[in-house]
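Q: Quick one: the structure is below, questions incoming.
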Amino acid sequence: MVNEQAFAYREEAYAILESNGHNILVIAPAGAGKTRVGYEALKKTDGGAYVAPTRALCLEKFFELKDEFPQNGIVLGNKDYTLTGAEFKGATCRVVTHYKLNQLLQNLGRRFSQVCRTVVLDEVQGLNNEMDIAITKLKILCPDVRIVSLCHTLHEDDEPKFAAWLNALIVKGTERPVPLTHRMVEFQADLTEDGEELSHVLVKENGNVLSAEDIAGMPNNFQMVGWVVKQIRESGDNEPIQIFTPYTEIARQLAELLASEINEYDGDLQAVADSLTAEASEFTQSLQQILPRGVAMHHGKMTQQEREVVQQLVNDGKINILVSCYTLTQGVNLPTKHLIFERIYDHDKETGEKRLIKPEVYHNAAGRAGRPNKQEVGVVWTLVANEIERTEAEEVLLKYKASRLESRIYDEYFLTSQVPQLILLGWNTPAKMAEFIRATFYGQTLQETQPLTDQFERIVSYLIDRQVCGVLGGNRIYLTNKGVQIARLGLHPEEFEIVDELSKTQNLDYAEWVRRLAAVTGEHVVRHGQPSEEDIEQLVTLGLTVYSTSGSTWNAKEMADYVSRIFETCRSYFQLNQMTDYAERWNELVYQQFTYGNLELCHKLAPFLKRDQIKRLIRNLGNALMADVLDDPAKRTLVRCLWIMKNGHAEDELAREMTQVANILGADADQLHSIYAEEKERTQTKITDGKEE
């Protein structure tokens, strides 16, 4: 039975929405319907922007908003889907990431509020540098825009500070609509009298022992998860199980192991598995093997289409066991009863050291268990292998709901790319820059902002040395012509200087372009350790198609993202510098080589499709694009990538594109139209079953 009292806080939120435009900070447990407050806020102004941190959450909210605003234009802008300024201004509701919001605010400035009166910020407990800068710009440039912030938990010391920073009223719900039970499963290693290894398995709930038994040997993490799954199923409970692990390869191995122990096949799931494009990602074959047994995985190394298929199947109740990583820890609504933590540790991306996962990650993932109208209770199983792990779980993860907020805007490389943009927007004196620093959340929570102010001064000195800016009258900072371009393009000076030098020398050496840009982004941006020469050479050889190549390193893929972003920015650079002739040759010899690689089909489609459409094909079809003829699963994926999620297209434009693509593929245009109709109908009900009350 759903606890209706858990939704009572929304009446307070709705009353504020009817009032004089106050900002709102909604803090309520997972499953308590926070999203509904955001949607009602958007309806009050006939639309606005919904900002989410992950692609999975953006995708879910995109489909839900299409249901909330059925007669109006809903557009999506994230890593998978390009959103232009014109598309943003012409839409009713926009679902975007924080990075995209920052870009739009930079380009539109105060004009942002003319087309967007409400901004809903989801999962704000994950505050990072991009979010901090974007919200600060939004508050100062567009004070008349209503900000509705949603989160499941904040550290108690941060709640009043965060609300004050947002100039928001706090609306707080404390009860879950579906009760959540926490069970600690401890595997204590021991020896028998004969010296044989065994483990004492204790299952505790609220400190009370529910069960205890001895099992042979000392199980590894996979075996511990298997033991819990067996206990659940042998109790007669066939409700969906979700397993969280921080690592993609662990997710694959664990999903394969659990699937191998299931003998039943589902014919419908077999058909879905057969419909996946072969070898679209390095995880496609595993996914095809496990899906027919009702097992799936979801993480960032799968293609966007593979993740979409899994989300849909889970929401349709077709998947019994889902192994997921961080992609599904934030806000996504899934009909899961049991959530199992395969481990409670990950590794710090900067130091590489083992660390306890953050409390907010733990509770956000745990909140996926037990959804309204799906289950009457949610059960969280936390697996620990010794007393130290149990103590950390009990004394940190269970005791604290969240870590203290930390935006990390002091990252030197990030700030150096932001300062020219701030100068362009008018923060062009030391006093104004200090004012902006104090207006950030990080600045407001510092007892002493001088260290951050000193950092800005160092950055300005660096920019002066690089001839990005200068000072007039000892006070006003101005941008040079070079600085204006850097600010308008959103590049770091080092990135800009490489583009500027290679372009002005008319350099068309593809390898040099990629190596130099990869080196600078690898040095400052890649999060998984300094990239090796092998990583860079892999990127040079494969370009963006590194996404579709099995065995490609994560560093190479991450650098591919950044180099691709800079290459897209090069087009604006060429326009600013009136380099039309060079741009055409560069496009053919550098850009297309990087983006399309040896995928001949992409080269053939380039004249008829937008760049972001072809990029989606590369990320989702992979090696299938090397074939002379696409099979039916590949055609279906192609239709999804090109047209199902396309932002605002006319039917005649759609028909023309389909005919052109069909001719290049040597396919039947009617078949593509038929697939489109089937996929369009499928998306009308997609994810809506998982909506919160």
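By order of appearance in the structure tokens: chains A, B, ..., then residues from 1 within every chain, and ligands from 1 in the order shown.
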Just asking: which residues within range 202-300 of chain A are strand (DSSP E or B) according to DSSP, as number ranges by chain?

A: A: 202-205, 208-216, 241-244, 295-298

Q: Dump N, CA and C atoms for the selected residues as a PDB file, in the first residue's frame?

A:
ATOM      1  N   LEU A 202      25.731 -13.601   7.834  1.00  0.00           N
ATOM      2  CA  LEU A 202      24.739 -12.974   8.697  1.00  0.00           C
ATOM      3  C   LEU A 202      23.940 -11.960   7.899  1.00  0.00           C
ATOM      4  N   VAL A 203      22.636 -12.056   7.967  1.00  0.00           N
ATOM      5  CA  VAL A 203      21.757 -11.067   7.340  1.00  0.00           C
ATOM      6  C   VAL A 203      21.088 -10.281   8.455  1.00  0.00           C
ATOM      7  N   LYS A 204      21.350  -8.986   8.489  1.00  0.00           N
ATOM      8  CA  LYS A 204      20.803  -8.138   9.547  1.00  0.00           C
ATOM      9  C   LYS A 204      19.876  -7.085   8.943  1.00  0.00           C
ATOM     10  N   GLU A 205      18.813  -6.802   9.675  1.00  0.00           N
ATOM     11  CA  GLU A 205      17.877  -5.749   9.294  1.00  0.00           C
ATOM     12  C   GLU A 205      17.664  -4.862  10.511  1.00  0.00           C
ATOM     13  N   ASN A 208      19.087  -6.176  13.711  1.00  0.00           N
ATOM     14  CA  ASN A 208      18.606  -7.474  14.171  1.00  0.00           C
ATOM     15  C   ASN A 208      18.967  -8.564  13.170  1.00  0.00           C
ATOM     16  N   VAL A 209      19.406  -9.707  13.668  1.00  0.00           N
ATOM     17  CA  VAL A 209      19.787 -10.812  12.798  1.00  0.00           C
ATOM     18  C   VAL A 209      18.535 -11.498  12.259  1.00  0.00           C
ATOM     19  N   LEU A 210      18.396 -11.479  10.932  1.00  0.00           N
ATOM     20  CA  LEU A 210      17.279 -12.166  10.295  1.00  0.00           C
ATOM     21  C   LEU A 210      17.600 -13.630  10.053  1.00  0.00           C
ATOM     22  N   SER A 211      18.842 -13.876   9.662  1.00  0.00           N
ATOM     23  CA  SER A 211      19.237 -15.254   9.391  1.00  0.00           C
ATOM     24  C   SER A 211      20.739 -15.386   9.524  1.00  0.00           C
ATOM     25  N   ALA A 212      21.175 -16.628   9.758  1.00  0.00           N
ATOM     26  CA  ALA A 212      22.606 -16.916   9.851  1.00  0.00           C
ATOM     27  C   ALA A 212      22.837 -18.334   9.363  1.00  0.00           C
ATOM     28  N   GLU A 213      23.856 -18.495   8.550  1.00  0.00           N
ATOM     29  CA  GLU A 213      24.204 -19.833   8.089  1.00  0.00           C
ATOM     30  C   GLU A 213      25.667 -19.871   7.691  1.00  0.00           C
ATOM     31  N   ASP A 214      26.210 -21.059   7.655  1.00  0.00           N
ATOM     32  CA  ASP A 214      27.596 -21.244   7.230  1.00  0.00           C
ATOM     33  C   ASP A 214      27.608 -21.805   5.813  1.00  0.00           C
ATOM     34  N   ILE A 215      28.515 -21.278   4.991  1.00  0.00           N
ATOM     35  CA  ILE A 215      28.680 -21.790   3.636  1.00  0.00           C
ATOM     36  C   ILE A 215      30.146 -22.125   3.418  1.00  0.00           C
ATOM     37  N   ALA A 216      30.396 -23.075   2.559  1.00  0.00           N
ATOM     38  CA  ALA A 216      31.769 -23.501   2.301  1.00  0.00           C
ATOM     39  C   ALA A 216      32.537 -22.425   1.545  1.00  0.00           C
ATOM     40  N   ILE A 241      15.046  -7.391  -9.726  1.00  0.00           N
ATOM     41  CA  ILE A 241      16.250  -7.137  -8.933  1.00  0.00           C
ATOM     42  C   ILE A 241      17.185  -6.250  -9.750  1.00  0.00           C
ATOM     43  N   GLN A 242      17.705  -5.204  -9.118  1.00  0.00           N
ATOM     44  CA  GLN A 242      18.732  -4.368  -9.741  1.00  0.00           C
ATOM     45  C   GLN A 242      19.999  -4.471  -8.907  1.00  0.00           C
ATOM     46  N   ILE A 243      21.124  -4.624  -9.577  1.00  0.00           N
ATOM     47  CA  ILE A 243      22.412  -4.763  -8.899  1.00  0.00           C
ATOM     48  C   ILE A 243      23.300  -3.602  -9.311  1.00  0.00           C
ATOM     49  N   PHE A 244      23.863  -2.905  -8.329  1.00  0.00           N
ATOM     50  CA  PHE A 244      24.738  -1.769  -8.614  1.00  0.00           C
ATOM     51  C   PHE A 244      26.197  -2.193  -8.475  1.00  0.00           C
ATOM     52  N   VAL A 295      17.833 -11.040 -18.287  1.00  0.00           N
ATOM     53  CA  VAL A 295      18.920 -10.333 -17.611  1.00  0.00           C
ATOM     54  C   VAL A 295      19.440  -9.244 -18.544  1.00  0.00           C
ATOM     55  N   ALA A 296      19.783  -8.089 -17.982  1.00  0.00           N
ATOM     56  CA  ALA A 296      20.299  -6.990 -18.802  1.00  0.00           C
ATOM     57  C   ALA A 296      21.347  -6.218 -18.012  1.00  0.00           C
ATOM     58  N   MET A 297      22.077  -5.366 -18.714  1.00  0.00           N
ATOM     59  CA  MET A 297      23.020  -4.452 -18.071  1.00  0.00           C
ATOM     60  C   MET A 297      22.822  -3.066 -18.668  1.00  0.00           C
ATOM     61  N   HIS A 298      23.289  -2.054 -17.946  1.00  0.00           N
ATOM     62  CA  HIS A 298      23.130  -0.664 -18.397  1.00  0.00           C
ATOM     63  C   HIS A 298      24.301   0.152 -17.870  1.00  0.00           C
TER      64      HIS A 298
END

Q: Within 8 Å of Leu328 in chain A, counting only C-alpha atoms, which residues qualify if same-chain residues fewer than 6 places away don't, as an MDAnalysis selection string?

A: chainID A and resid 56:57 298:299 365

Q: Where does DSSP see helix (DSSP H, G or I) in range 99-153 of chain A, if you list the residues as a PyMOL selection string?

A: chain A and resi 99-115+124-126+129-141

Q: The selected residues should be written to file as an mmCIF file, in the first residue's frame (atoms: N, CA and C atoms).

A:
data_model
loop_
_atom_site.group_PDB
_atom_site.id
_atom_site.type_symbol
_atom_site.label_atom_id
_atom_site.label_comp_id
_atom_site.auth_asym_id
_atom_site.auth_seq_id
_atom_site.Cartn_x
_atom_site.Cartn_y
_atom_site.Cartn_z
ATOM 1 N N TYR A 99 25.970 21.354 -19.051
ATOM 2 C CA TYR A 99 26.916 21.883 -20.038
ATOM 3 C C TYR A 99 26.175 22.678 -21.109
ATOM 4 N N LYS A 100 25.065 22.116 -21.592
ATOM 5 C CA LYS A 100 24.290 22.795 -22.632
ATOM 6 C C LYS A 100 23.641 24.063 -22.088
ATOM 7 N N LEU A 101 23.155 24.017 -20.843
ATOM 8 C CA LEU A 101 22.568 25.213 -20.233
ATOM 9 C C LEU A 101 23.596 26.329 -20.163
ATOM 10 N N ASN A 102 24.817 25.999 -19.779
ATOM 11 C CA ASN A 102 25.877 27.002 -19.692
ATOM 12 C C ASN A 102 26.162 27.621 -21.059
ATOM 13 N N GLN A 103 26.194 26.775 -22.092
ATOM 14 C CA GLN A 103 26.406 27.275 -23.457
ATOM 15 C C GLN A 103 25.308 28.250 -23.867
ATOM 16 N N LEU A 104 24.070 27.876 -23.604
ATOM 17 C CA LEU A 104 22.931 28.704 -24.006
ATOM 18 C C LEU A 104 22.934 30.041 -23.273
ATOM 19 N N LEU A 105 23.255 30.012 -21.984
ATOM 20 C CA LEU A 105 23.318 31.261 -21.224
ATOM 21 C C LEU A 105 24.440 32.149 -21.740
ATOM 22 N N GLN A 106 25.557 31.536 -22.116
ATOM 23 C CA GLN A 106 26.666 32.317 -22.647
ATOM 24 C C GLN A 106 26.275 32.989 -23.955
ATOM 25 N N ASN A 107 25.574 32.266 -24.815
ATOM 26 C CA ASN A 107 25.220 32.807 -26.132
ATOM 27 C C ASN A 107 24.043 33.778 -26.083
ATOM 28 N N LEU A 108 23.071 33.495 -25.224
ATOM 29 C CA LEU A 108 21.863 34.325 -25.184
ATOM 30 C C LEU A 108 21.943 35.443 -24.154
ATOM 31 N N GLY A 109 22.753 35.251 -23.102
ATOM 32 C CA GLY A 109 22.852 36.269 -22.063
ATOM 33 C C GLY A 109 21.492 36.557 -21.441
ATOM 34 N N ARG A 110 21.191 37.843 -21.275
ATOM 35 C CA ARG A 110 19.930 38.234 -20.644
ATOM 36 C C ARG A 110 18.722 37.888 -21.510
ATOM 37 N N ARG A 111 18.953 37.652 -22.797
ATOM 38 C CA ARG A 111 17.832 37.284 -23.685
ATOM 39 C C ARG A 111 17.288 35.892 -23.377
ATOM 40 N N PHE A 112 18.036 35.108 -22.586
ATOM 41 C CA PHE A 112 17.589 33.763 -22.215
ATOM 42 C C PHE A 112 16.205 33.813 -21.585
ATOM 43 N N SER A 113 15.964 34.821 -20.727
ATOM 44 C CA SER A 113 14.692 34.892 -20.003
ATOM 45 C C SER A 113 13.516 35.240 -20.910
ATOM 46 N N GLN A 114 13.795 35.751 -22.099
ATOM 47 C CA GLN A 114 12.712 36.085 -23.025
ATOM 48 C C GLN A 114 12.051 34.837 -23.603
ATOM 49 N N VAL A 115 12.798 33.753 -23.676
ATOM 50 C CA VAL A 115 12.250 32.523 -24.262
ATOM 51 C C VAL A 115 12.091 31.406 -23.241
ATOM 52 N N VAL A 124 20.068 18.227 -7.964
ATOM 53 C CA VAL A 124 21.029 19.298 -7.678
ATOM 54 C C VAL A 124 22.015 18.918 -6.577
ATOM 55 N N GLN A 125 21.761 17.797 -5.872
ATOM 56 C CA GLN A 125 22.736 17.377 -4.865
ATOM 57 C C GLN A 125 24.061 16.970 -5.511
ATOM 58 N N GLY A 126 24.048 16.774 -6.833
ATOM 59 C CA GLY A 126 25.278 16.450 -7.554
ATOM 60 C C GLY A 126 25.999 17.680 -8.058
ATOM 61 N N ASN A 129 31.233 21.820 -10.992
ATOM 62 C CA ASN A 129 31.674 23.141 -11.449
ATOM 63 C C ASN A 129 30.796 23.696 -12.563
ATOM 64 N N GLU A 130 30.410 22.836 -13.509
ATOM 65 C CA GLU A 130 29.580 23.290 -14.622
ATOM 66 C C GLU A 130 28.237 23.804 -14.120
ATOM 67 N N MET A 131 27.631 23.075 -13.167
ATOM 68 C CA MET A 131 26.343 23.475 -12.630
ATOM 69 C C MET A 131 26.466 24.774 -11.834
ATOM 70 N N ASP A 132 27.519 24.884 -11.036
ATOM 71 C CA ASP A 132 27.718 26.076 -10.210
ATOM 72 C C ASP A 132 27.822 27.329 -11.083
ATOM 73 N N ILE A 133 28.645 27.263 -12.125
ATOM 74 C CA ILE A 133 28.809 28.418 -13.016
ATOM 75 C C ILE A 133 27.504 28.736 -13.741
ATOM 76 N N ALA A 134 26.818 27.710 -14.256
ATOM 77 C CA ALA A 134 25.584 27.934 -15.015
ATOM 78 C C ALA A 134 24.507 28.549 -14.138
ATOM 79 N N ILE A 135 24.330 28.039 -12.931
ATOM 80 C CA ILE A 135 23.289 28.579 -12.046
ATOM 81 C C ILE A 135 23.627 29.997 -11.629
ATOM 82 N N THR A 136 24.898 30.265 -11.381
ATOM 83 C CA THR A 136 25.299 31.626 -11.003
ATOM 84 C C THR A 136 25.008 32.602 -12.135
ATOM 85 N N LYS A 137 25.341 32.227 -13.369
ATOM 86 C CA LYS A 137 25.008 33.075 -14.520
ATOM 87 C C LYS A 137 23.502 33.287 -14.607
ATOM 88 N N LEU A 138 22.752 32.204 -14.440
ATOM 89 C CA LEU A 138 21.290 32.280 -14.545
ATOM 90 C C LEU A 138 20.721 33.232 -13.503
ATOM 91 N N LYS A 139 21.193 33.124 -12.274
ATOM 92 C CA LYS A 139 20.677 33.981 -11.199
ATOM 93 C C LYS A 139 20.944 35.460 -11.478
ATOM 94 N N ILE A 140 22.140 35.771 -11.946
ATOM 95 C CA ILE A 140 22.530 37.171 -12.108
ATOM 96 C C ILE A 140 21.984 37.759 -13.410
ATOM 97 N N LEU A 141 22.103 37.003 -14.515
ATOM 98 C CA LEU A 141 21.673 37.525 -15.811
ATOM 99 C C LEU A 141 20.156 37.529 -15.961
#

Q: Neighbours of Glu584 in chain A within 12 Å (only C-alpha atoms; same-chain residues fewer than 6 positions away dropped), as a count of residues only?

A: 10

Q: If we count only C-alpha atoms and set the cut-off at 12 Å, which residues sit around Glu497 in chain A, ignoring sequence neighbours fewer than 6 positions away in its own chain? Please answer as a list in words.

A: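 That gives Arg466, Gln467, Val468, Lys482, Gly483, Gln485, Ile486, Leu491, Ser503, Lys504, Trp513, Arg516, Leu517, Val520, Ile566, Cys570 and Tyr573 of chain A.
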
Q: Emit the selected residues as an mmCIF file, in the first residue's frame, including N, CA and C atoms.

A:
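This is the output file part31.cif:
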data_model
loop_
_atom_site.group_PDB
_atom_site.id
_atom_site.type_symbol
_atom_site.label_atom_id
_atom_site.label_comp_id
_atom_site.auth_asym_id
_atom_site.auth_seq_id
_atom_site.Cartn_x
_atom_site.Cartn_y
_atom_site.Cartn_z
ATOM 1 N N ARG A 466 49.116 35.558 -22.455
ATOM 2 C CA ARG A 466 48.775 34.857 -23.700
ATOM 3 C C ARG A 466 48.057 35.784 -24.692
ATOM 4 N N GLN A 467 48.007 37.081 -24.348
ATOM 5 C CA GLN A 467 47.387 38.096 -25.215
ATOM 6 C C GLN A 467 45.907 37.800 -25.473
ATOM 7 N N VAL A 468 45.268 37.275 -24.438
ATOM 8 C CA VAL A 468 43.828 37.040 -24.505
ATOM 9 C C VAL A 468 43.073 38.274 -24.027
ATOM 10 N N LYS A 482 41.680 38.189 -30.159
ATOM 11 C CA LYS A 482 41.875 36.777 -29.859
ATOM 12 C C LYS A 482 40.997 36.354 -28.685
ATOM 13 N N GLY A 483 40.940 37.188 -27.654
ATOM 14 C CA GLY A 483 40.145 36.868 -26.472
ATOM 15 C C GLY A 483 38.663 36.791 -26.760
ATOM 16 N N GLN A 485 37.322 35.913 -29.562
ATOM 17 C CA GLN A 485 37.080 34.639 -30.246
ATOM 18 C C GLN A 485 37.096 33.477 -29.259
ATOM 19 N N ILE A 486 38.048 33.485 -28.336
ATOM 20 C CA ILE A 486 38.124 32.415 -27.343
ATOM 21 C C ILE A 486 36.837 32.360 -26.522
ATOM 22 N N LEU A 491 36.488 28.044 -25.911
ATOM 23 C CA LEU A 491 37.693 27.220 -25.872
ATOM 24 C C LEU A 491 38.636 27.686 -24.771
ATOM 25 N N SER A 503 45.331 26.508 -38.495
ATOM 26 C CA SER A 503 44.457 27.066 -39.530
ATOM 27 C C SER A 503 45.167 28.151 -40.328
ATOM 28 N N LYS A 504 45.862 29.046 -39.637
ATOM 29 C CA LYS A 504 46.490 30.165 -40.328
ATOM 30 C C LYS A 504 47.684 29.742 -41.170
ATOM 31 N N TRP A 513 46.762 17.473 -36.510
ATOM 32 C CA TRP A 513 45.595 18.064 -35.848
ATOM 33 C C TRP A 513 45.166 17.213 -34.660
ATOM 34 N N ARG A 516 47.907 16.868 -31.656
ATOM 35 C CA ARG A 516 48.112 18.066 -30.843
ATOM 36 C C ARG A 516 46.905 18.363 -29.964
ATOM 37 N N LEU A 517 45.713 18.213 -30.504
ATOM 38 C CA LEU A 517 44.522 18.455 -29.693
ATOM 39 C C LEU A 517 44.348 17.361 -28.644
ATOM 40 N N VAL A 520 46.714 18.078 -25.590
ATOM 41 C CA VAL A 520 46.327 19.117 -24.636
ATOM 42 C C VAL A 520 45.087 18.708 -23.849
ATOM 43 N N ILE A 566 35.983 20.128 -30.140
ATOM 44 C CA ILE A 566 36.812 21.206 -30.668
ATOM 45 C C ILE A 566 36.684 21.287 -32.184
ATOM 46 N N CYS A 570 35.640 24.415 -34.543
ATOM 47 C CA CYS A 570 36.458 24.935 -35.644
ATOM 48 C C CYS A 570 35.591 25.564 -36.735
ATOM 49 N N TYR A 573 35.018 28.959 -35.802
ATOM 50 C CA TYR A 573 36.282 29.699 -35.945
ATOM 51 C C TYR A 573 36.471 30.127 -37.401
#
